[in-house]
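Here is run-v2.tsv, consisting of TSV, C-alpha atoms and all ligand atoms:
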```tsv
chain	number	residue	atom	x	y	z
C	1233	MET	CA	-2.05	-12.80	19.43
C	1234	VAL	CA	1.46	-11.51	20.08
C	1235	PRO	CA	3.70	-12.22	17.07
C	1236	ASP	CA	6.80	-14.31	17.71
C	1237	TRP	CA	9.31	-11.69	16.52
C	1238	LYS	CA	12.36	-13.90	16.96
C	1239	ALA	CA	10.89	-16.67	14.83
C	1240	ILE	CA	9.85	-14.13	12.24
C	1241	PHE	CA	13.35	-12.77	11.85
C	1242	ARG	CA	14.96	-16.19	12.04
C	1243	GLY	CA	13.03	-17.10	8.90
C	1244	THR	CA	14.63	-14.28	6.94
C	1245	PRO	CA	17.96	-15.36	5.49
C	1246	GLN	CA	19.26	-11.84	4.85
C	1247	SER	CA	18.37	-10.71	8.34
C	1248	GLU	CA	21.14	-9.72	10.69
C	1249	THR	CA	18.78	-8.31	13.27
C	1250	ASN	CA	20.08	-8.49	16.80
C	1251	PHE	CA	17.19	-10.28	18.48
C	1252	ALA	CA	18.11	-8.80	21.85
C	1253	THR	CA	17.08	-5.43	20.47
C	1254	VAL	CA	13.76	-6.62	19.06
C	1255	GLU	CA	11.23	-4.92	21.25
C	1256	LEU	CA	7.88	-4.06	19.80
C	1257	ASP	CA	4.83	-3.13	21.74
C	1258	SER	CA	2.26	-5.32	19.98
C	1259	ASP	CA	-0.63	-3.29	21.39
C	1260	ARG	CA	0.70	-0.23	19.59
C	1261	LEU	CA	1.11	-1.77	16.14
C	1262	PRO	CA	-0.40	0.25	13.28
C	1263	LYS	CA	-3.56	-1.47	12.01
C	1264	HIS	CA	-3.25	-0.11	8.48
C	1265	ILE	CA	0.00	0.80	6.73
C	1266	ALA	CA	0.03	2.58	3.37
C	1267	ILE	CA	3.20	2.62	1.27
C	1268	ILE	CA	4.36	4.81	-1.61
C	1269	MET	CA	6.79	2.43	-3.30
C	1270	ASP	CA	9.07	5.02	-4.90
C	1271	GLY	CA	12.53	4.86	-6.45
C	1272	ASN	CA	12.49	1.86	-8.79
C	1273	GLY	CA	13.82	3.96	-11.68
C	1274	ARG	CA	16.63	5.58	-9.67
C	1275	TRP	CA	17.61	2.19	-8.23
C	1276	ALA	CA	17.98	0.84	-11.78
C	1277	ARG	CA	19.82	3.90	-13.09
C	1278	ALA	CA	22.35	3.73	-10.25
C	1279	LYS	CA	23.13	0.18	-11.34
C	1280	GLY	CA	23.23	1.00	-15.05
C	1281	LEU	CA	20.11	-1.11	-15.62
C	1282	PRO	CA	16.93	-0.36	-17.58
C	1283	ARG	CA	13.96	1.02	-15.61
C	1284	ALA	CA	12.16	-2.29	-16.13
C	1285	ALA	CA	14.81	-4.00	-14.00
C	1286	GLY	CA	14.01	-1.52	-11.23
C	1287	HIS	CA	10.33	-2.33	-11.44
C	1288	HIS	CA	11.05	-6.04	-11.39
C	1289	ALA	CA	13.19	-5.62	-8.27
C	1290	GLY	CA	10.36	-3.46	-6.90
C	1291	MET	CA	7.96	-6.33	-7.39
C	1292	VAL	CA	10.27	-8.61	-5.41
C	1293	ALA	CA	10.44	-6.02	-2.60
C	1294	MET	CA	6.65	-5.76	-2.70
C	1295	ARG	CA	6.30	-9.53	-2.28
C	1296	GLU	CA	8.66	-9.49	0.74
C	1297	THR	CA	6.82	-6.55	2.25
C	1298	ILE	CA	3.47	-8.34	2.02
C	1299	ARG	CA	4.98	-11.40	3.69
C	1300	ALA	CA	6.51	-9.24	6.42
C	1301	ALA	CA	3.27	-7.33	7.05
C	1302	ASP	CA	1.50	-10.65	7.48
C	1303	ASP	CA	4.22	-11.98	9.78
C	1304	PHE	CA	4.21	-8.78	11.84
C	1305	GLY	CA	0.46	-9.07	12.42
C	1306	ILE	CA	-0.55	-5.94	10.50
C	1307	GLN	CA	-4.25	-5.89	9.56
C	1308	ALA	CA	-4.16	-3.92	6.30
C	1309	LEU	CA	-1.54	-2.84	3.79
C	1310	THR	CA	-2.20	-0.44	0.91
C	1311	LEU	CA	0.40	-0.29	-1.86
C	1312	TYR	CA	0.56	2.60	-4.34
C	1313	ALA	CA	1.45	0.70	-7.51
C	1314	PHE	CA	0.18	2.97	-10.30
C	1315	SER	CA	-1.17	6.51	-10.04
C	1316	THR	CA	-3.54	8.36	-12.36
C	1317	GLU	CA	-0.47	10.46	-13.29
C	1318	ASN	CA	1.67	7.42	-14.19
C	1319	TRP	CA	-0.08	7.23	-17.60
C	1320	LYS	CA	2.34	10.01	-18.64
C	1321	ARG	CA	5.15	7.42	-18.75
C	1322	PRO	CA	6.31	5.70	-21.94
C	1323	ARG	CA	3.87	3.06	-23.18
C	1324	THR	CA	6.47	0.29	-22.90
C	1325	GLU	CA	7.07	1.06	-19.22
C	1326	ILE	CA	3.34	1.06	-18.51
C	1327	GLN	CA	2.91	-2.24	-20.37
C	1328	TYR	CA	5.73	-3.74	-18.36
C	1329	LEU	CA	4.02	-2.75	-15.11
C	1330	TRP	CA	0.82	-4.55	-16.17
C	1331	TYR	CA	2.93	-7.54	-17.13
C	1332	LEU	CA	4.52	-7.47	-13.65
C	1333	LEU	CA	1.13	-7.31	-11.96
C	1334	ASP	CA	0.24	-10.47	-13.80
C	1335	GLU	CA	3.54	-12.15	-13.02
C	1336	PHE	CA	3.15	-11.31	-9.35
C	1337	PHE	CA	-0.31	-12.82	-9.05
C	1338	GLN	CA	0.57	-15.90	-11.09
C	1339	ALA	CA	3.55	-16.61	-8.87
C	1340	ASP	CA	2.09	-15.57	-5.52
C	1341	ILE	CA	-1.64	-16.18	-5.49
C	1342	ASN	CA	-1.35	-19.63	-3.89
C	1343	GLU	CA	0.86	-18.32	-1.11
C	1344	LEU	CA	-1.49	-15.40	-0.55
C	1345	VAL	CA	-4.44	-17.78	-0.26
C	1346	GLU	CA	-2.47	-19.98	2.15
C	1347	ARG	CA	-1.59	-16.95	4.23
C	1348	ASN	CA	-5.30	-16.08	4.45
C	1349	VAL	CA	-4.63	-12.72	2.74
C	1350	ARG	CA	-7.59	-10.88	1.22
C	1351	ILE	CA	-6.75	-8.90	-1.90
C	1352	SER	CA	-8.55	-5.72	-2.85
C	1353	PHE	CA	-8.03	-2.80	-5.21
C	1354	LEU	CA	-8.39	0.96	-5.24
C	1355	GLY	CA	-8.69	3.06	-8.36
C	1356	ASP	CA	-10.36	2.84	-11.76
C	1357	ILE	CA	-9.26	-0.54	-13.04
C	1358	SER	CA	-11.56	-0.34	-16.08
C	1359	LYS	CA	-8.74	1.52	-17.87
C	1360	LEU	CA	-6.31	-1.38	-17.41
C	1361	PRO	CA	-5.73	-3.96	-20.17
C	1362	SER	CA	-8.40	-6.66	-20.17
C	1363	TYR	CA	-5.92	-9.38	-19.19
C	1364	SER	CA	-4.99	-7.33	-16.08
C	1365	GLN	CA	-8.66	-6.94	-15.21
C	1366	LYS	CA	-9.07	-10.72	-15.48
C	1367	THR	CA	-6.09	-11.26	-13.18
C	1368	ILE	CA	-7.56	-8.80	-10.70
C	1369	GLY	CA	-10.98	-10.49	-10.86
C	1370	SER	CA	-9.39	-13.85	-10.25
C	1371	ALA	CA	-7.34	-12.59	-7.25
C	1372	LEU	CA	-10.47	-11.02	-5.78
C	1373	ARG	CA	-12.45	-14.24	-6.17
C	1374	LYS	CA	-9.75	-16.54	-4.82
C	1375	THR	CA	-9.18	-14.48	-1.68
C	1376	ALA	CA	-12.72	-13.16	-1.11
C	1377	ASN	CA	-13.41	-15.42	1.86
C	1378	ASN	CA	-10.08	-14.85	3.58
C	1379	ASP	CA	-10.07	-12.85	6.78
C	1380	GLY	CA	-6.38	-12.27	7.46
C	1381	LEU	CA	-4.19	-9.42	6.22
C	1382	ILE	CA	-5.97	-7.18	3.68
C	1383	VAL	CA	-3.68	-6.08	0.85
C	1384	GLN	CA	-5.06	-3.26	-1.29
C	1385	PHE	CA	-3.33	-2.39	-4.54
C	1386	ALA	CA	-3.86	1.20	-5.66
C	1387	LEU	CA	-3.92	0.97	-9.46
C	1388	ASN	CA	-4.83	3.91	-11.67
C	1389	TYR	CA	-5.54	5.59	-8.37
C	1390	GLY	CA	-5.53	9.31	-7.61
C	1391	SER	CA	-6.94	10.80	-4.46
C	1392	ARG	CA	-8.24	13.97	-6.15
C	1393	ALA	CA	-10.08	11.90	-8.77
C	1394	GLU	CA	-11.54	9.79	-5.96
C	1395	LEU	CA	-12.74	12.92	-4.13
C	1396	VAL	CA	-14.22	14.38	-7.33
C	1397	ASP	CA	-16.25	11.16	-7.73
C	1398	VAL	CA	-17.50	11.40	-4.15
C	1399	ILE	CA	-18.47	15.06	-4.58
C	1400	ARG	CA	-20.36	14.24	-7.80
C	1401	MET	CA	-22.15	11.35	-6.09
C	1402	ILE	CA	-23.24	13.47	-3.12
C	1403	ALA	CA	-24.20	16.42	-5.34
C	1404	GLN	CA	-26.42	14.07	-7.37
C	1405	ASP	CA	-28.07	12.79	-4.18
C	1406	VAL	CA	-28.70	16.37	-3.04
C	1407	LYS	CA	-30.16	17.20	-6.48
C	1408	ASP	CA	-32.43	14.14	-6.28
C	1409	GLY	CA	-33.57	15.13	-2.80
C	1410	LYS	CA	-32.06	11.99	-1.23
C	1411	VAL	CA	-29.55	13.94	0.90
C	1412	ASP	CA	-30.07	17.26	2.64
C	1413	LEU	CA	-27.23	19.82	2.68
C	1414	THR	CA	-27.09	19.58	6.47
C	1415	GLU	CA	-26.35	15.87	6.17
C	1416	ILE	CA	-23.05	16.48	4.34
C	1417	GLU	CA	-20.62	15.72	7.11
C	1418	GLU	CA	-17.21	14.11	7.44
C	1419	ALA	CA	-18.78	10.73	8.16
C	1420	LEU	CA	-20.85	10.86	4.97
C	1421	ILE	CA	-17.85	11.73	2.81
C	1422	SER	CA	-15.78	9.07	4.52
C	1423	SER	CA	-18.48	6.47	3.89
C	1424	CYS	CA	-18.51	7.29	0.17
C	1425	LEU	CA	-14.80	6.53	-0.23
C	1426	CYS	CA	-13.79	3.06	-1.33
C	1427	LYS	CA	-12.98	1.35	1.97
C	1428	ASN	CA	-12.76	-2.39	1.33
C	1429	GLY	CA	-13.33	-2.84	5.05
C	1430	VAL	CA	-10.14	-1.12	6.17
C	1431	PRO	CA	-9.77	1.80	8.57
C	1432	ASP	CA	-7.82	4.94	7.57
C	1433	PRO	CA	-4.05	4.38	7.47
C	1434	ASP	CA	-2.19	4.82	10.76
C	1435	LEU	CA	1.21	4.95	9.09
C	1436	LEU	CA	2.27	6.15	5.64
C	1437	ILE	CA	5.72	5.07	4.47
C	1438	ARG	CA	7.46	6.52	1.42
C	1439	THR	CA	10.78	5.27	0.13
C	1440	SER	CA	13.42	7.03	-2.04
C	1441	GLY	CA	14.03	10.05	0.18
C	1442	ASP	CA	11.33	12.16	-1.46
C	1443	GLN	CA	9.00	13.68	1.09
C	1444	ARG	CA	5.66	14.10	-0.67
C	1445	VAL	CA	2.28	12.40	-0.56
C	1446	SER	CA	1.75	12.48	-4.35
C	1447	ASN	CA	-2.06	12.43	-4.51
C	1448	PHE	CA	-2.29	9.30	-2.33
C	1449	LEU	CA	-5.22	8.86	0.09
C	1450	LEU	CA	-5.33	12.59	0.86
C	1451	TRP	CA	-8.52	12.41	2.93
C	1452	GLN	CA	-7.65	9.12	4.59
C	1453	ILE	CA	-4.14	10.14	5.80
C	1454	ALA	CA	-5.35	13.24	7.65
C	1455	TYR	CA	-3.99	11.82	10.92
C	1456	ALA	CA	-1.57	9.19	9.66
C	1457	GLU	CA	2.01	9.24	10.92
C	1458	LEU	CA	4.38	9.92	8.03
C	1459	TYR	CA	7.65	7.99	7.76
C	1460	PHE	CA	10.22	8.62	5.05
C	1461	VAL	CA	12.93	6.12	4.14
C	1462	ASP	CA	16.04	7.15	2.15
C	1463	GLU	CA	16.46	3.76	0.46
C	1464	MET	CA	14.94	3.17	-2.97
C	1465	TRP	CA	11.94	0.84	-3.01
C	1466	PRO	CA	13.82	-2.26	-4.33
C	1467	ASP	CA	16.11	-1.96	-1.28
C	1468	PHE	CA	13.21	-1.81	1.16
C	1469	SER	CA	13.65	-4.78	3.45
C	1470	ARG	CA	11.99	-6.53	6.34
C	1471	GLU	CA	14.42	-4.74	8.64
C	1472	LEU	CA	13.57	-1.28	7.28
C	1473	PHE	CA	9.89	-2.15	7.56
C	1474	PHE	CA	10.42	-3.25	11.13
C	1475	GLU	CA	12.26	0.02	11.89
C	1476	ALA	CA	9.35	2.03	10.47
C	1477	ILE	CA	6.85	0.13	12.60
C	1478	THR	CA	9.06	0.46	15.66
C	1479	ALA	CA	9.28	4.23	15.12
C	1480	TYR	CA	5.50	4.36	14.79
C	1481	THR	CA	4.98	2.53	18.09
C	1482	LYS	CA	7.03	5.24	19.80
C	1483	ARG	CA	5.12	8.17	18.36
C	1484	GLU	CA	2.46	9.98	20.34
C	1485	ARG	CA	-0.78	10.40	18.39
C	1486	ARG	CA	-3.00	13.15	19.73
C	1487	PHE	CA	-5.47	13.65	16.86
C	1488	GLY	CA	-5.51	17.36	17.62
C	1489	GLY	CA	-6.22	16.79	21.31
C	1490	LEU	CA	-3.97	16.87	24.34
C	1491	LYS	CA	-1.98	14.00	25.73
C	1501	LIG	C1	7.68	4.37	-8.45
C	1501	LIG	O1	9.05	4.35	-8.77
C	1501	LIG	C2	7.11	3.04	-8.71
C	1501	LIG	C3	6.09	2.79	-9.57
C	1501	LIG	C4	5.40	3.84	-10.34
C	1501	LIG	C5	5.61	1.42	-9.82
C	1501	LIG	C6	5.59	0.52	-8.61
C	1501	LIG	C7	5.69	-0.86	-9.08
C	1501	LIG	C8	6.16	-1.90	-8.38
C	1501	LIG	C9	6.55	-1.81	-6.99
C	1501	LIG	C10	6.29	-3.23	-9.04
C	1501	LIG	C11	5.03	-4.05	-8.97
C	1501	LIG	C12	4.11	-3.60	-10.02
C	1501	LIG	C13	2.77	-3.64	-9.96
C	1501	LIG	C14	1.99	-2.97	-11.03
C	1501	LIG	C15	2.02	-4.32	-8.88
C	1501	LIG	P1	9.53	5.21	-10.00
C	1501	LIG	O2	9.48	4.38	-11.21
C	1501	LIG	O3	8.74	6.47	-10.07
C	1501	LIG	O4	11.01	5.50	-9.58
C	1501	LIG	P2	11.83	6.83	-9.87
C	1501	LIG	O5	11.09	7.96	-9.17
C	1501	LIG	O6	13.15	6.55	-9.26
C	1501	LIG	O7	11.88	6.98	-11.36
```
Rewritten as structure tokens:
Amino acid sequence: MVPDWKAIFRGTPQSETNFATVELDSDRLPKHIAIIMDGNGRWARAKGLPRAAGHHAGMVAMRETIRAADDFGIQALTLYAFSTENWKRPRTEIQYLWYLLDEFFQADINELVERNVRISFLGDISKLPSYSQKTIGSALRKTANNDGLIVQFALNYGSRAELVDVIRMIAQDVKDGKVDLTEIEEALISSCLCKNGVPDPDLLIRTSGDQRVSNFLLWQIAYAELYFVDEMWPDFSRELFFEAITAYTKRERRFGGLK
């Protein structure tokens, strides 16, 4: 189905998009978009606010981005919300992030269900507080039968840790004689990664002007298009998202081959 772009933008109060310029080739939309939501702290500092205020504004931007991805007809969205390295932050900041996760799901779960969104998670959530794990379990259950946009939250996620787990798993299978060395191929490794039914990302967006991938989906983004946005995450908007997708539709993906 071709999304009705004009209606989508009309529904956004802050939008000043010139509809005459809205031209998106729906056949070329990325199926899976991954986002590194960076810059909450700098956004807050620039406004003389505590870092928590930046994260709260980041949660609001996250909500809008999920809505926009659904409206744009994207199939899967993966959001880097907490990395394995983020445990180095002060305890109060970490606790606030878990509180925000809870606040988000309490406020938004009904809308997500109505939008036919399926929630999933990446990363080792067993290290999260038990109330966060309950929230996650509940979001998984309530959206399990939905077949619209898939939203994956990467929580306590690190790509190197994920690859170490896969290597251990395959090594064990080789040791047990279940897998032969000759069977270790890209497809096998790929199949051992947590997929939640989504293909590898087509587009990776990072906000805040930093141009790094920060241990995010290192295997999966091998052929993703990278798109860097100067704005801090709380300022990421439907328009900036639309610009990123538009830029993607104009890129030529060759996957190492020729045009
Ligand atoms: C990176 O900005 C952002 C994070 C580590 C947290 C992302 C959290 C949200 C978007 C809010 C929703 C929360 C959850 C848990 C779903 P930064 O703090 O590293 O910013 P800085 O680099 O400017 O300091």
Enumerate, in order of chain and increasing residue number, the residues of chain C with an atom no farther than 8 Å from ligand LIG 1501 (chain C), each with its shortest atom pair and distance in Å to one decimal, counting only C-alpha atoms and all ligand atoms, as CSV.
```
residue,atom,partner,partner_atom,distance
C:Ile1268,CA,C:LIG1501,C1,7.6
C:Met1269,CA,C:LIG1501,C2,5.5
C:Asp1270,CA,C:LIG1501,C1,3.9
C:Gly1271,CA,C:LIG1501,O6,3.3
C:Asn1272,CA,C:LIG1501,O4,4.0
C:Gly1273,CA,C:LIG1501,O7,3.6
C:Arg1274,CA,C:LIG1501,O6,3.6
C:Trp1275,CA,C:LIG1501,O6,6.3
C:Ala1276,CA,C:LIG1501,O6,7.9
C:Arg1283,CA,C:LIG1501,O2,7.1
C:Gly1286,CA,C:LIG1501,O2,7.4
C:His1287,CA,C:LIG1501,C10,4.8
C:His1288,CA,C:LIG1501,C10,6.0
C:Ala1289,CA,C:LIG1501,C10,7.3
C:Gly1290,CA,C:LIG1501,C9,4.2
C:Met1291,CA,C:LIG1501,C10,3.9
C:Val1292,CA,C:LIG1501,C10,7.6
C:Ala1293,CA,C:LIG1501,C9,7.2
C:Met1294,CA,C:LIG1501,C9,5.8
C:Tyr1312,CA,C:LIG1501,C6,6.9
C:Ala1313,CA,C:LIG1501,C6,4.3
C:Phe1314,CA,C:LIG1501,C4,5.3
C:Ser1315,CA,C:LIG1501,C4,7.1
C:Asn1318,CA,C:LIG1501,C4,6.4
C:Leu1329,CA,C:LIG1501,C14,4.6
C:Trp1330,CA,C:LIG1501,C14,5.5
C:Tyr1331,CA,C:LIG1501,C14,7.7
C:Leu1332,CA,C:LIG1501,C12,5.3
C:Leu1333,CA,C:LIG1501,C15,4.4
C:Phe1336,CA,C:LIG1501,C15,7.1
C:Phe1385,CA,C:LIG1501,C15,7.2
C:Leu1387,CA,C:LIG1501,C14,7.3
C:Ser1440,CA,C:LIG1501,O6,7.2
C:Met1464,CA,C:LIG1501,O6,7.4
C:Trp1465,CA,C:LIG1501,C9,7.2
C:Pro1466,CA,C:LIG1501,C9,7.8
```
Note to self: One number please: CA of Val1398 in chain C to CA of Ile1368 in chain C, in Å, one decimal.
What the structure shows: 23.4 Å
Next item on the list: May I have the protein, DNA and RNA residues with any atom at most 9 Å from the point (9.6, 6.0, 4.7), counting only C-alpha atoms, written as a PyMOL selection string?
Entry: chain C and resi 1267-1268+1436-1443+1458-1463+1472-1473+1476
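With all atoms listed in the file taken into account, the protein and nucleic acid residues at most 10 Å from Ile1416 in chain C (excluding it and anything under 6 positions from it in its own chain) are Ile1402, Ala1403 and Val1406 of chain C.
Nearest residue to Asp1259 in chain C among C:Gly1409, C:Thr1310, C:Lys1279, C:Thr1481 is C:Thr1481, counting all atoms listed in the file.
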Give me the residues of range 1333-1365 of chain C that have any atom at most 12 Å from an atom of range 1420-1430 of chain C; for each, the nearest atom pair and the distance in Å, rounded to one decimal. Use all atoms listed in the file, sort by chain and number, and format it as a tab-separated table.
```
residue	atom	partner	partner_atom	distance
C:Arg1350	CA	C:Asn1428	CA	9.9
C:Ile1351	CA	C:Asn1428	CA	9.4
C:Ser1352	CA	C:Asn1428	CA	6.8
C:Phe1353	CA	C:Asn1428	CA	8.1
C:Leu1354	CA	C:Cys1426	CA	7.0
C:Gly1355	CA	C:Cys1426	CA	8.7
C:Asp1356	CA	C:Cys1426	CA	11.0
```
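What separates CA of Leu1344 in chain C from CA of Ile1265 in chain C is a distance of 17.8 Å.
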Checklist line | Option closest in space to Gln1307 in chain C, from C:Lys1263, C:Arg1347, C:Arg1392, C:Lys1359 [counting only C-alpha atoms] | finding: C:Lys1263
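Picture a line from CA of Phe1304 in chain C to CA of Glu1471 in chain C; it runs 11.4 Å.
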Checklist line | Close residues, Asp1334 in chain C itself excluded, 10 Å, only C-alpha atoms, min 6 positions apart in chain, as a list of chain:residue names | finding: C:Tyr1328, C:Asp1340, C:Tyr1363, C:Ser1364, C:Gln1365, C:Lys1366, C:Thr1367, C:Ile1368
Those same residues - C-alpha atoms - I'd like them written as a short mmCIF file (atom, residue, chain, number, x, y, z; two decimals), keeping the file's coordinate frame.
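Printed below is part14.cif as written:
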```
data_model
loop_
_atom_site.label_atom_id
_atom_site.label_comp_id
_atom_site.auth_asym_id
_atom_site.auth_seq_id
_atom_site.Cartn_x
_atom_site.Cartn_y
_atom_site.Cartn_z
CA TYR C 1328 5.73 -3.74 -18.36
CA ASP C 1340 2.09 -15.57 -5.52
CA TYR C 1363 -5.92 -9.38 -19.19
CA SER C 1364 -4.99 -7.33 -16.08
CA GLN C 1365 -8.66 -6.94 -15.21
CA LYS C 1366 -9.07 -10.72 -15.48
CA THR C 1367 -6.09 -11.26 -13.18
CA ILE C 1368 -7.56 -8.80 -10.70
#
```
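Using only C-alpha atoms for every distance, the candidate list C:Ser1258, C:Ser1358, C:Asn1377, C:Gln1452 yields C:Asn1377 as the residue closest to Val1345 in chain C.
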Check: Smallest atom-to-atom distance to Arg1295 in chain C: which of C:Ile1341, C:Leu1372, C:Leu1281, C:Ala1386, using all atoms listed in the file?
Finding: C:Ile1341
Return the padded bounding box of range 1361-1369 of chain C as AutoDock Vina command-line options: axis-aligned, built from all atoms listed in the file, 6 Å added on each side, with centre and edge lengths in Å to one decimal.
```
--center_x -8.0 --center_y -7.6 --center_z -15.4 --size_x 18.0 --size_y 19.3 --size_z 21.5
```
